[in-house]
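To start, the structure itself, in structure tokens.
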Amino acid sequence: MLCVEACPHGVLSVSKDVNERGLRYVELARPEKCTGCGMCVTMCPDCAIEIIAGKKTGGARHMGRDEG
Ligand code: SF4
């Protein structure tokens with residue numbers, strides 16, 4: 001997924017579990033490492049990630065897609 005690959009600090013990862021649709025999703029593996037750089041926001045094709053006060057929010061379970 002694009003946001004996982006875009007993050008320079010390894011904050012995001014693809015889940016081992018699947019969601020209610022049977023698909024893997026993006027989760028916060030190391031939220032304490034987030035710098036609020038916005039690279040994940042820029043790369044998300046669904047505009048599903050938002051940065052508030054310099055910290056990434058949301059987006060943890062929105063991506064149930066294999067692409068992206
Ligand atoms: S805002 Fe945080 S999660 Fe997003 S790319 Fe930057 S460091 Fe990674």
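Following the order of the structure tokens, chains are lettered A, B, ..., residues in each are numbered from 1, and ligands are numbered from 1.
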What residues of the protein or nucleic acid chains come within 10 Å of ligand 1 when you use only C-alpha atoms and all ligand atoms? Reply as number ranges by chain.
A: 3-13, 27-44, 49-52, 54-57, 59
Tell me which protein, DNA and RNA residues are within 12 Å of Lys16 of chain A, counting only C-alpha atoms, leaving out same-chain ones fewer than 2 positions away, and put them as a PyMOL selection string.
chain A and resi 13-14+18-19+22-27+29+64
How about saving the chosen residues, C-alpha atoms kept, as a PDB file, in the first residue's frame?
ATOM      1  CA  SER A  13       2.209  -1.463   8.367  1.00  0.00           C
ATOM      2  CA  VAL A  14      -0.210  -3.848   6.719  1.00  0.00           C
ATOM      3  CA  VAL A  18      -8.348  -9.054   7.997  1.00  0.00           C
ATOM      4  CA  ASN A  19     -11.270  -6.699   8.333  1.00  0.00           C
ATOM      5  CA  GLY A  22     -11.780 -10.200   4.545  1.00  0.00           C
ATOM      6  CA  LEU A  23      -9.106  -7.744   3.491  1.00  0.00           C
ATOM      7  CA  ARG A  24      -5.916  -6.572   5.155  1.00  0.00           C
ATOM      8  CA  TYR A  25      -5.746  -2.960   6.290  1.00  0.00           C
ATOM      9  CA  VAL A  26      -3.189  -0.343   7.293  1.00  0.00           C
ATOM     10  CA  GLU A  27      -2.424  -0.054  10.977  1.00  0.00           C
ATOM     11  CA  ALA A  29       2.791  -0.090  13.968  1.00  0.00           C
ATOM     12  CA  GLY A  64      -9.054  -2.929   3.054  1.00  0.00           C
TER      13      GLY A  64
END
